[in-house]
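Asker: Structure file work-v1.cif (mmCIF, C-alpha atoms) is given on the next line.
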data_entry
#
loop_
_atom_site.group_PDB
_atom_site.id
_atom_site.type_symbol
_atom_site.label_atom_id
_atom_site.label_comp_id
_atom_site.auth_asym_id
_atom_site.auth_seq_id
_atom_site.Cartn_x
_atom_site.Cartn_y
_atom_site.Cartn_z
ATOM 1 C CA MET A 1 -165.037 -69.750 75.044
ATOM 2 C CA LEU A 2 -167.552 -66.925 74.611
ATOM 3 C CA ARG A 3 -171.270 -67.262 74.963
ATOM 4 C CA SER A 4 -173.635 -64.546 73.761
ATOM 5 C CA ARG A 5 -177.288 -63.874 74.483
ATOM 6 C CA PRO A 6 -178.886 -62.349 71.346
ATOM 7 C CA ILE A 7 -182.202 -61.699 73.114
ATOM 8 C CA VAL A 8 -180.523 -59.309 75.554
ATOM 9 C CA VAL A 9 -178.795 -57.457 72.726
ATOM 10 C CA GLY A 10 -182.115 -57.235 70.903
ATOM 11 C CA SER A 11 -183.806 -55.794 73.988
ATOM 12 C CA ALA A 12 -180.996 -53.259 74.308
ATOM 13 C CA VAL A 13 -181.368 -52.137 70.698
ATOM 14 C CA VAL A 14 -185.133 -51.712 71.107
ATOM 15 C CA ALA A 15 -184.662 -49.783 74.361
ATOM 16 C CA ALA A 16 -181.960 -47.610 72.796
ATOM 17 C CA LEU A 17 -184.139 -46.695 69.823
ATOM 18 C CA LEU A 18 -187.215 -45.975 71.943
ATOM 19 C CA ALA A 19 -185.150 -43.919 74.423
ATOM 20 C CA ASN A 20 -184.516 -41.552 71.524
ATOM 21 C CA TYR A 21 -188.147 -41.100 70.539
ATOM 22 C CA TRP A 22 -187.441 -37.368 70.400
ATOM 23 C CA VAL A 23 -186.184 -37.870 66.815
ATOM 24 C CA LEU A 24 -189.875 -37.934 65.834
ATOM 25 C CA GLU A 25 -190.499 -34.433 67.161
ATOM 26 C CA GLY A 26 -190.207 -32.839 63.716
ATOM 27 C CA ALA A 27 -192.960 -35.061 62.363
ATOM 28 C CA LEU A 28 -195.272 -35.362 65.385
ATOM 29 C CA ALA A 29 -194.874 -32.324 67.627
ATOM 30 C CA ASP A 30 -196.859 -29.127 67.169
ATOM 31 C CA ARG A 31 -193.912 -27.073 68.418
ATOM 32 C CA THR A 32 -190.230 -27.947 68.652
ATOM 33 C CA ASN A 33 -186.989 -26.256 69.600
ATOM 34 C CA PHE A 34 -184.099 -28.677 69.234
ATOM 35 C CA ASP A 35 -181.586 -26.360 70.864
ATOM 36 C CA ALA A 36 -183.459 -24.840 73.791
ATOM 37 C CA SER A 37 -186.264 -27.220 74.812
ATOM 38 C CA TRP A 38 -186.153 -30.220 77.103
ATOM 39 C CA ILE A 39 -187.224 -33.542 75.656
ATOM 40 C CA SER A 40 -189.909 -33.598 78.364
ATOM 41 C CA ASP A 41 -191.343 -30.368 76.910
ATOM 42 C CA LEU A 42 -192.710 -32.468 74.055
ATOM 43 C CA SER A 43 -195.063 -34.349 76.385
ATOM 44 C CA THR A 44 -196.341 -31.491 78.536
ATOM 45 C CA ARG A 45 -200.036 -31.030 79.192
ATOM 46 C CA SER A 46 -200.041 -27.647 77.469
ATOM 47 C CA GLU A 47 -199.098 -29.171 74.107
ATOM 48 C CA SER A 48 -201.868 -30.599 71.934
ATOM 49 C CA SER A 49 -199.399 -33.235 70.716
ATOM 50 C CA GLY A 50 -198.287 -33.927 74.288
ATOM 51 C CA GLY A 51 -200.373 -37.080 74.633
ATOM 52 C CA THR A 52 -198.542 -38.683 71.723
ATOM 53 C CA PHE A 53 -195.181 -38.087 73.359
ATOM 54 C CA VAL A 54 -196.457 -39.224 76.766
ATOM 55 C CA ALA A 55 -197.339 -42.533 75.118
ATOM 56 C CA LEU A 56 -193.934 -42.725 73.424
ATOM 57 C CA GLY A 57 -192.196 -41.904 76.709
ATOM 58 C CA ILE A 58 -194.097 -44.607 78.577
ATOM 59 C CA LEU A 59 -193.340 -47.131 75.826
ATOM 60 C CA ALA A 60 -189.640 -46.209 75.982
ATOM 61 C CA ALA A 61 -189.618 -46.518 79.777
ATOM 62 C CA LEU A 62 -191.318 -49.929 79.637
ATOM 63 C CA ALA A 63 -188.612 -51.102 77.227
ATOM 64 C CA LEU A 64 -185.994 -49.941 79.728
ATOM 65 C CA VAL A 65 -187.771 -51.751 82.572
ATOM 66 C CA ILE A 66 -187.889 -54.997 80.572
ATOM 67 C CA TYR A 67 -184.215 -54.632 79.717
ATOM 68 C CA GLY A 68 -183.455 -53.867 83.374
ATOM 69 C CA VAL A 69 -185.230 -57.044 84.480
ATOM 70 C CA GLU A 70 -183.130 -59.023 82.012
ATOM 71 C CA LEU A 71 -179.938 -57.450 83.358
ATOM 72 C CA VAL A 72 -180.921 -58.281 86.941
ATOM 73 C CA ALA A 73 -181.591 -61.891 85.930
ATOM 74 C CA ILE A 74 -178.179 -62.152 84.250
ATOM 75 C CA PHE A 75 -176.129 -60.414 86.925
ATOM 76 C CA TRP A 76 -177.977 -61.845 89.922
ATOM 77 C CA GLU A 77 -175.966 -65.051 89.825
ATOM 78 C CA ARG A 78 -172.713 -63.093 89.692
ATOM 79 C CA GLY A 79 -173.598 -61.154 92.833
ATOM 80 C CA GLY A 80 -171.684 -58.223 94.287
ATOM 81 C CA LEU A 81 -171.270 -55.014 92.368
ATOM 82 C CA LEU A 82 -172.782 -56.267 89.128
ATOM 83 C CA ARG A 83 -175.969 -57.372 90.871
ATOM 84 C CA ARG A 84 -176.279 -54.030 92.667
ATOM 85 C CA GLY A 85 -175.519 -52.173 89.438
ATOM 86 C CA ALA A 86 -178.281 -54.032 87.633
ATOM 87 C CA LEU A 87 -180.710 -53.252 90.460
ATOM 88 C CA ALA A 88 -179.726 -49.574 90.270
ATOM 89 C CA PHE A 89 -180.389 -49.669 86.524
ATOM 90 C CA LEU A 90 -183.827 -51.208 87.101
ATOM 91 C CA PHE A 91 -184.615 -48.564 89.734
ATOM 92 C CA ALA A 92 -183.659 -45.826 87.261
ATOM 93 C CA ALA A 93 -185.870 -47.433 84.612
ATOM 94 C CA LEU A 94 -188.832 -47.550 86.990
ATOM 95 C CA ALA A 95 -188.242 -43.907 87.914
ATOM 96 C CA THR A 96 -188.199 -43.089 84.196
ATOM 97 C CA LEU A 97 -191.569 -44.799 83.845
ATOM 98 C CA VAL A 98 -193.024 -42.704 86.675
ATOM 99 C CA ALA A 99 -191.601 -39.491 85.180
ATOM 100 C CA ALA A 100 -192.953 -40.325 81.721
ATOM 101 C CA SER A 101 -196.386 -41.042 83.208
ATOM 102 C CA SER A 102 -196.429 -37.657 84.975
ATOM 103 C CA PRO A 103 -196.189 -34.965 82.289
ATOM 104 C CA LEU A 104 -195.401 -31.410 83.320
ATOM 105 C CA SER A 105 -198.096 -28.753 83.173
ATOM 106 C CA CYS A 106 -196.375 -26.593 80.543
ATOM 107 C CA ALA A 107 -193.306 -26.476 78.308
ATOM 108 C CA GLU A 108 -190.677 -24.132 79.734
ATOM 109 C CA GLY A 109 -188.436 -24.521 76.703
ATOM 110 C CA LEU A 110 -191.203 -23.801 74.198
ATOM 111 C CA GLU A 111 -193.044 -20.888 75.737
ATOM 112 C CA ALA A 112 -191.557 -18.004 77.670
ATOM 113 C CA ALA A 113 -194.801 -17.521 79.611
ATOM 114 C CA CYS A 114 -194.697 -21.039 81.051
ATOM 115 C CA SER A 115 -195.041 -21.176 84.822
ATOM 116 C CA LEU A 116 -195.361 -24.669 86.230
ATOM 117 C CA LYS A 117 -198.452 -25.202 88.365
ATOM 118 C CA GLU A 118 -196.409 -27.229 90.885
ATOM 119 C CA ASP A 119 -199.366 -29.599 91.121
ATOM 120 C CA THR A 120 -199.131 -33.308 91.913
ATOM 121 C CA LEU A 121 -197.968 -34.350 88.446
ATOM 122 C CA ASP A 122 -195.310 -31.619 88.335
ATOM 123 C CA VAL A 123 -193.950 -32.630 91.733
ATOM 124 C CA VAL A 124 -194.003 -36.359 90.926
ATOM 125 C CA HIS A 125 -192.222 -35.716 87.630
ATOM 126 C CA SER A 126 -189.491 -33.727 89.364
ATOM 127 C CA PHE A 127 -188.858 -36.339 92.067
ATOM 128 C CA ALA A 128 -188.972 -39.199 89.556
ATOM 129 C CA THR A 129 -186.488 -37.413 87.298
ATOM 130 C CA ALA A 130 -184.135 -36.975 90.246
ATOM 131 C CA GLY A 131 -184.478 -40.695 91.017
ATOM 132 C CA GLU A 132 -183.812 -41.560 87.390
ATOM 133 C CA ILE A 133 -180.595 -39.516 87.349
ATOM 134 C CA GLY A 134 -179.418 -40.855 90.701
ATOM 135 C CA GLY A 135 -180.141 -44.461 89.765
ATOM 136 C CA THR A 136 -178.367 -44.096 86.433
ATOM 137 C CA ILE A 137 -175.267 -42.636 88.084
ATOM 138 C CA LEU A 138 -175.203 -45.563 90.516
ATOM 139 C CA ALA A 139 -175.640 -48.029 87.662
ATOM 140 C CA PHE A 140 -172.708 -46.580 85.743
ATOM 141 C CA GLY A 141 -170.490 -46.635 88.828
ATOM 142 C CA LEU A 142 -171.401 -50.069 90.191
ATOM 143 C CA LEU A 143 -171.398 -51.823 86.825
ATOM 144 C CA GLY A 144 -168.110 -50.183 85.844
ATOM 145 C CA LEU A 145 -166.460 -51.313 89.069
ATOM 146 C CA GLY A 146 -168.021 -54.741 88.766
ATOM 147 C CA PHE A 147 -166.571 -55.264 85.303
ATOM 148 C CA LEU A 148 -163.136 -54.034 86.389
ATOM 149 C CA ARG A 149 -163.015 -56.262 89.476
ATOM 150 C CA GLY A 150 -164.319 -59.202 87.470
ATOM 151 C CA GLY A 151 -161.377 -59.011 85.098
ATOM 152 C CA ARG A 152 -163.339 -57.452 82.234
ATOM 153 C CA ARG A 153 -161.280 -54.305 82.026
ATOM 154 C CA ARG A 154 -162.405 -53.013 78.633
ATOM 155 C CA TYR A 155 -166.085 -53.139 79.595
ATOM 156 C CA GLY A 156 -165.350 -51.436 82.900
ATOM 157 C CA ILE A 157 -163.393 -48.644 81.224
ATOM 158 C CA ALA A 158 -166.073 -48.255 78.538
ATOM 159 C CA THR A 159 -168.804 -48.010 81.182
ATOM 160 C CA PHE A 160 -166.887 -45.381 83.132
ATOM 161 C CA ALA A 161 -166.184 -43.428 79.932
ATOM 162 C CA PHE A 162 -169.841 -43.432 78.893
ATOM 163 C CA GLY A 163 -170.859 -42.555 82.441
ATOM 164 C CA ALA A 164 -168.425 -39.649 82.710
ATOM 165 C CA VAL A 165 -169.588 -38.036 79.468
ATOM 166 C CA TRP A 166 -173.252 -38.738 80.282
ATOM 167 C CA LEU A 167 -172.873 -37.156 83.721
ATOM 168 C CA ALA A 168 -171.017 -34.122 82.333
ATOM 169 C CA LEU A 169 -173.765 -33.463 79.791
ATOM 170 C CA THR A 170 -176.447 -34.011 82.438
ATOM 171 C CA ILE A 171 -174.772 -31.494 84.745
ATOM 172 C CA VAL A 172 -174.464 -28.954 81.946
ATOM 173 C CA THR A 173 -178.141 -29.215 81.079
ATOM 174 C CA GLY A 174 -179.080 -29.206 84.771
ATOM 175 C CA VAL A 175 -177.334 -25.898 85.496
ATOM 176 C CA SER A 176 -178.656 -24.260 82.335
ATOM 177 C CA TYR A 177 -180.846 -21.970 84.419
ATOM 178 C CA LEU A 178 -177.699 -20.276 85.702
ATOM 179 C CA SER A 179 -176.467 -19.273 82.256
ATOM 180 C CA ASP A 180 -178.429 -17.816 79.352
ATOM 181 C CA GLY A 181 -175.853 -19.162 76.907
ATOM 182 C CA VAL A 182 -176.211 -22.745 78.122
ATOM 183 C CA ASP A 183 -179.977 -22.394 78.431
ATOM 184 C CA GLU A 184 -180.183 -21.696 74.715
ATOM 185 C CA ILE A 185 -178.494 -25.004 73.807
ATOM 186 C CA LYS A 186 -179.518 -27.276 76.713
ATOM 187 C CA GLY A 187 -181.890 -29.214 74.455
ATOM 188 C CA ALA A 188 -179.115 -30.135 72.055
ATOM 189 C CA PHE A 189 -176.930 -31.300 74.951
ATOM 190 C CA GLN A 190 -179.750 -33.417 76.367
ATOM 191 C CA ARG A 191 -180.490 -35.043 73.027
ATOM 192 C CA VAL A 192 -176.823 -35.891 72.483
ATOM 193 C CA ASP A 193 -176.877 -37.302 76.024
ATOM 194 C CA GLN A 194 -179.771 -39.594 75.083
ATOM 195 C CA ILE A 195 -177.968 -40.833 71.985
ATOM 196 C CA LEU A 196 -174.921 -41.615 74.118
ATOM 197 C CA PHE A 197 -177.122 -43.432 76.634
ATOM 198 C CA GLY A 198 -178.652 -45.507 73.858
ATOM 199 C CA VAL A 199 -175.235 -46.574 72.579
ATOM 200 C CA TRP A 200 -174.223 -47.559 76.124
ATOM 201 C CA LEU A 201 -177.305 -49.750 76.456
ATOM 202 C CA VAL A 202 -176.091 -51.847 73.534
ATOM 203 C CA VAL A 203 -172.506 -51.952 74.827
ATOM 204 C CA LEU A 204 -173.839 -53.062 78.215
ATOM 205 C CA ALA A 205 -175.867 -55.808 76.562
ATOM 206 C CA VAL A 206 -172.750 -57.124 74.864
ATOM 207 C CA ALA A 207 -170.896 -57.060 78.197
ATOM 208 C CA ALA A 208 -173.792 -58.791 79.964
ATOM 209 C CA GLY A 209 -174.459 -61.338 77.249
ATOM 210 C CA VAL A 210 -170.918 -62.589 76.719
ATOM 211 C CA ARG A 211 -169.223 -64.722 79.324
ATOM 212 C CA SER A 212 -165.611 -65.774 79.421
ATOM 213 C CA ASP A 213 -164.170 -69.137 80.499
ATOM 214 C CA ALA A 214 -163.304 -67.653 83.891
ATOM 215 C CA GLU A 215 -166.978 -67.034 84.575
ATOM 216 C CA GLU A 216 -168.208 -70.469 83.516
#
Take the structure in the file and give it back as structure tokens.
Answerer:
Amino acid sequence: MLRSRPIVVGSAVVAALLANYWVLEGALADRTNFDASWISDLSTRSESSGGTFVALGILAALALVIYGVELVAIFWERGGLLRRGALAFLFAALATLVAASSPLSCAEGLEAACSLKEDTLDVVHSFATAGEIGGTILAFGLLGLGFLRGGRRRYGIATFAFGAVWLALTIVTGVSYLSDGVDEIKGAFQRVDQILFGVWLVVLAVAAGVRSDAEE
């Protein structure tokens, strides 16, 4: 017998949509460059529309935190890898909130003359982004293993598949500074990465909100 939790799926859908707030850049941002700019460039302090995207980023991060708390509550009773995976997800969400609350000083992908001030907000943003990536990688790995070991093979394989593609795109965008060709399309890669992440959030909610007889 299967038991679903619609509230969790609803939270996942909201978080997935808000995580892709960049789709509003054409309507709200003063300057955009879909191919070459980071999503974080939209919320930099040098952009007059930056405050709007800071607010959207914080709202998106709060949705992720709420969803992460729900995942921890669900997986806590199951213990082991799933519990640790949910905690890693929550850590990544909190790191995302810190990064969103610490906008960079200028937009490297929107202005060639940009030179980061390396002030407190720039440094905090960089460290928080690293924590977000690290926590997300851990969440993919631990949750994927947890599903596999718990006899939920299709969810484990799906989580690993999403994680592998997400990580590959993250690496490509991360090393963009080493290649002019990649640097010119890093923004597109990152945006596709966010869409993929949003889809995984919903898949994860289905996996978390449906329990089999073996788990009753």
Asker: Need the shell around Leu18 of chain A: protein/DNA/RNA residues with any atom at most 9 Å away, counting all atoms listed in the file. Skip same-chain ones fewer than 4 positions apart. Format as number ranges by chain?
Answerer: A: 13-14, 22, 56-57, 59-61, 63-64, 198
Asker: Considering all atoms listed in the file, can you say which of A:Ser49, A:Thr44, A:Thr173, A:Thr136 comes closest to Ala29 of chain A?
Answerer: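 The shortest atom-to-atom distance to Ala29 of chain A comes from A:Ser49.
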Asker: Using the chain letters and numbers from the file, give me the residues hit by the PyMOL selection byres ((chain A and resi 193) around 9), as a PDB file with C-alpha atoms, keeping the file's coordinate frame.
Answerer:
ATOM      1  CA  VAL A 165    -169.588 -38.036  79.468  1.00  0.00           C
ATOM      2  CA  TRP A 166    -173.252 -38.738  80.282  1.00  0.00           C
ATOM      3  CA  LEU A 167    -172.873 -37.156  83.721  1.00  0.00           C
ATOM      4  CA  LEU A 169    -173.765 -33.463  79.791  1.00  0.00           C
ATOM      5  CA  THR A 170    -176.447 -34.011  82.438  1.00  0.00           C
ATOM      6  CA  ALA A 188    -179.115 -30.135  72.055  1.00  0.00           C
ATOM      7  CA  PHE A 189    -176.930 -31.300  74.951  1.00  0.00           C
ATOM      8  CA  GLN A 190    -179.750 -33.417  76.367  1.00  0.00           C
ATOM      9  CA  ARG A 191    -180.490 -35.043  73.027  1.00  0.00           C
ATOM     10  CA  VAL A 192    -176.823 -35.891  72.483  1.00  0.00           C
ATOM     11  CA  GLN A 194    -179.771 -39.594  75.083  1.00  0.00           C
ATOM     12  CA  ILE A 195    -177.968 -40.833  71.985  1.00  0.00           C
ATOM     13  CA  LEU A 196    -174.921 -41.615  74.118  1.00  0.00           C
ATOM     14  CA  PHE A 197    -177.122 -43.432  76.634  1.00  0.00           C
ATOM     15  CA  GLY A 198    -178.652 -45.507  73.858  1.00  0.00           C
TER      16      GLY A 198
END
Asker: Any chance you could work out the residue set of the PyMOL selection byres ((chain A and resi 66) around 12) here, as a ChimeraX atom specification?
Answerer: /A:7-8,10-12,14-15,59-65,67-73,86,89-91,93-94,97
Asker: Can you work out which one of A:Leu28, A:Ile74, A:Ile39, A:Ala95 has the shortest atom-to-atom distance to Ile133 of chain A, counting all atoms listed in the file?
Answerer: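 Counting all atoms listed in the file, the residue closest to Ile133 of chain A is A:Ala95.
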Asker: Which segment 93-190 of chain A residues have any atom within 10 Å of an atom of segment 200-204 of chain A, and for each, what is the nearest pair of atoms with distance in Å to one decimal, counting all atoms listed in the file, rows sorted by chain and number, as CSV?
Answerer:
residue,atom,partner,partner_atom,distance
A:Phe140,CA,A:Trp200,CA,9.8
A:Leu143,CA,A:Leu204,CA,9.0
A:Gly144,CA,A:Leu204,CA,10.0
A:Tyr155,CA,A:Leu204,CA,7.9
A:Gly156,CA,A:Leu204,CA,9.8
A:Ala158,CA,A:Val203,CA,8.3
A:Thr159,CA,A:Trp200,CA,7.4
A:Ala161,CA,A:Trp200,CA,9.8
A:Phe162,CA,A:Trp200,CA,6.6
A:Gly163,CA,A:Trp200,CA,8.7
A:Trp166,CA,A:Trp200,CA,9.8
Asker: Quick one: of A:Phe75, A:Asp30, A:Gly146, A:Ala164, who's nearest to Gly209 of chain A, counting only C-alpha atoms?
Answerer: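 For Gly209 of chain A, the nearest of the given residues is A:Phe75.
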Asker: Would you fill out segment 165-176 of chain A with all heavy atoms and return it as a PDB file, in the coordinates of the input?
Answerer:
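Written file, out02.pdb:
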ATOM      1  N   VAL A 165    -169.069 -38.979  80.467  1.00  0.00           N
ATOM      2  CA  VAL A 165    -169.588 -38.036  79.468  1.00  0.00           C
ATOM      3  C   VAL A 165    -171.074 -37.787  79.709  1.00  0.00           C
ATOM      4  O   VAL A 165    -171.558 -36.649  79.628  1.00  0.00           O
ATOM      5  CB  VAL A 165    -169.353 -38.562  78.040  1.00  0.00           C
ATOM      6  CG1 VAL A 165    -169.926 -37.590  77.014  1.00  0.00           C
ATOM      7  CG2 VAL A 165    -167.866 -38.753  77.789  1.00  0.00           C
ATOM      8  N   TRP A 166    -171.815 -38.876  80.002  1.00  0.00           N
ATOM      9  CA  TRP A 166    -173.252 -38.738  80.282  1.00  0.00           C
ATOM     10  C   TRP A 166    -173.485 -37.798  81.464  1.00  0.00           C
ATOM     11  O   TRP A 166    -174.342 -36.911  81.416  1.00  0.00           O
ATOM     12  CB  TRP A 166    -173.855 -40.114  80.573  1.00  0.00           C
ATOM     13  CG  TRP A 166    -175.329 -40.102  80.848  1.00  0.00           C
ATOM     14  CD1 TRP A 166    -176.335 -40.206  79.944  1.00  0.00           C
ATOM     15  CD2 TRP A 166    -175.968 -39.947  82.130  1.00  0.00           C
ATOM     16  NE1 TRP A 166    -177.552 -40.136  80.574  1.00  0.00           N
ATOM     17  CE2 TRP A 166    -177.357 -39.974  81.917  1.00  0.00           C
ATOM     18  CE3 TRP A 166    -175.479 -39.798  83.425  1.00  0.00           C
ATOM     19  CZ2 TRP A 166    -178.270 -39.858  82.955  1.00  0.00           C
ATOM     20  CZ3 TRP A 166    -176.400 -39.680  84.470  1.00  0.00           C
ATOM     21  CH2 TRP A 166    -177.768 -39.708  84.232  1.00  0.00           C
ATOM     22  N   LEU A 167    -172.708 -37.986  82.535  1.00  0.00           N
ATOM     23  CA  LEU A 167    -172.873 -37.156  83.721  1.00  0.00           C
ATOM     24  C   LEU A 167    -172.506 -35.708  83.433  1.00  0.00           C
ATOM     25  O   LEU A 167    -173.196 -34.781  83.888  1.00  0.00           O
ATOM     26  CB  LEU A 167    -172.014 -37.703  84.865  1.00  0.00           C
ATOM     27  CG  LEU A 167    -172.086 -36.938  86.196  1.00  0.00           C
ATOM     28  CD1 LEU A 167    -173.521 -36.893  86.701  1.00  0.00           C
ATOM     29  CD2 LEU A 167    -171.169 -37.597  87.222  1.00  0.00           C
ATOM     30  N   ALA A 168    -171.433 -35.485  82.668  1.00  0.00           N
ATOM     31  CA  ALA A 168    -171.017 -34.122  82.333  1.00  0.00           C
ATOM     32  C   ALA A 168    -172.110 -33.402  81.555  1.00  0.00           C
ATOM     33  O   ALA A 168    -172.443 -32.245  81.855  1.00  0.00           O
ATOM     34  CB  ALA A 168    -169.719 -34.158  81.527  1.00  0.00           C
ATOM     35  N   LEU A 169    -172.698 -34.082  80.574  1.00  0.00           N
ATOM     36  CA  LEU A 169    -173.765 -33.463  79.791  1.00  0.00           C
ATOM     37  C   LEU A 169    -175.011 -33.236  80.641  1.00  0.00           C
ATOM     38  O   LEU A 169    -175.707 -32.223  80.492  1.00  0.00           O
ATOM     39  CB  LEU A 169    -174.105 -34.344  78.587  1.00  0.00           C
ATOM     40  CG  LEU A 169    -173.052 -34.387  77.478  1.00  0.00           C
ATOM     41  CD1 LEU A 169    -173.420 -35.444  76.438  1.00  0.00           C
ATOM     42  CD2 LEU A 169    -172.922 -33.024  76.815  1.00  0.00           C
ATOM     43  N   THR A 170    -175.293 -34.167  81.549  1.00  0.00           N
ATOM     44  CA  THR A 170    -176.447 -34.011  82.438  1.00  0.00           C
ATOM     45  C   THR A 170    -176.262 -32.813  83.360  1.00  0.00           C
ATOM     46  O   THR A 170    -177.203 -32.033  83.594  1.00  0.00           O
ATOM     47  CB  THR A 170    -176.652 -35.285  83.283  1.00  0.00           C
ATOM     48  OG1 THR A 170    -176.903 -36.398  82.410  1.00  0.00           O
ATOM     49  CG2 THR A 170    -177.827 -35.129  84.242  1.00  0.00           C
ATOM     50  N   ILE A 171    -175.060 -32.637  83.875  1.00  0.00           N
ATOM     51  CA  ILE A 171    -174.772 -31.494  84.745  1.00  0.00           C
ATOM     52  C   ILE A 171    -174.911 -30.190  83.973  1.00  0.00           C
ATOM     53  O   ILE A 171    -175.496 -29.216  84.466  1.00  0.00           O
ATOM     54  CB  ILE A 171    -173.364 -31.618  85.353  1.00  0.00           C
ATOM     55  CG1 ILE A 171    -173.329 -32.770  86.359  1.00  0.00           C
ATOM     56  CG2 ILE A 171    -172.955 -30.309  86.047  1.00  0.00           C
ATOM     57  CD1 ILE A 171    -171.950 -33.067  86.908  1.00  0.00           C
ATOM     58  N   VAL A 172    -174.382 -30.167  82.761  1.00  0.00           N
ATOM     59  CA  VAL A 172    -174.464 -28.954  81.946  1.00  0.00           C
ATOM     60  C   VAL A 172    -175.914 -28.564  81.700  1.00  0.00           C
ATOM     61  O   VAL A 172    -176.295 -27.399  81.843  1.00  0.00           O
ATOM     62  CB  VAL A 172    -173.728 -29.143  80.601  1.00  0.00           C
ATOM     63  CG1 VAL A 172    -174.046 -27.987  79.646  1.00  0.00           C
ATOM     64  CG2 VAL A 172    -172.228 -29.223  80.824  1.00  0.00           C
ATOM     65  N   THR A 173    -176.737 -29.536  81.329  1.00  0.00           N
ATOM     66  CA  THR A 173    -178.141 -29.215  81.079  1.00  0.00           C
ATOM     67  C   THR A 173    -178.859 -28.857  82.383  1.00  0.00           C
ATOM     68  O   THR A 173    -179.763 -28.022  82.397  1.00  0.00           O
ATOM     69  CB  THR A 173    -178.869 -30.397  80.411  1.00  0.00           C
ATOM     70  OG1 THR A 173    -178.757 -31.564  81.242  1.00  0.00           O
ATOM     71  CG2 THR A 173    -178.276 -30.706  79.058  1.00  0.00           C
ATOM     72  N   GLY A 174    -178.439 -29.470  83.482  1.00  0.00           N
ATOM     73  CA  GLY A 174    -179.080 -29.206  84.771  1.00  0.00           C
ATOM     74  C   GLY A 174    -178.830 -27.812  85.303  1.00  0.00           C
ATOM     75  O   GLY A 174    -179.678 -27.245  86.003  1.00  0.00           O
ATOM     76  N   VAL A 175    -177.663 -27.244  84.986  1.00  0.00           N
ATOM     77  CA  VAL A 175    -177.334 -25.898  85.496  1.00  0.00           C
ATOM     78  C   VAL A 175    -177.628 -24.827  84.453  1.00  0.00           C
ATOM     79  O   VAL A 175    -177.190 -23.698  84.584  1.00  0.00           O
ATOM     80  CB  VAL A 175    -175.853 -25.811  85.929  1.00  0.00           C
ATOM     81  CG1 VAL A 175    -175.547 -26.818  87.011  1.00  0.00           C
ATOM     82  CG2 VAL A 175    -174.910 -25.995  84.738  1.00  0.00           C
ATOM     83  N   SER A 176    -178.386 -25.199  83.427  1.00  0.00           N
ATOM     84  CA  SER A 176    -178.656 -24.260  82.335  1.00  0.00           C
ATOM     85  C   SER A 176    -179.372 -23.004  82.808  1.00  0.00           C
ATOM     86  O   SER A 176    -179.244 -21.940  82.200  1.00  0.00           O
ATOM     87  CB  SER A 176    -179.479 -24.946  81.237  1.00  0.00           C
ATOM     88  OG  SER A 176    -180.733 -25.368  81.747  1.00  0.00           O
TER      89      SER A 176
END
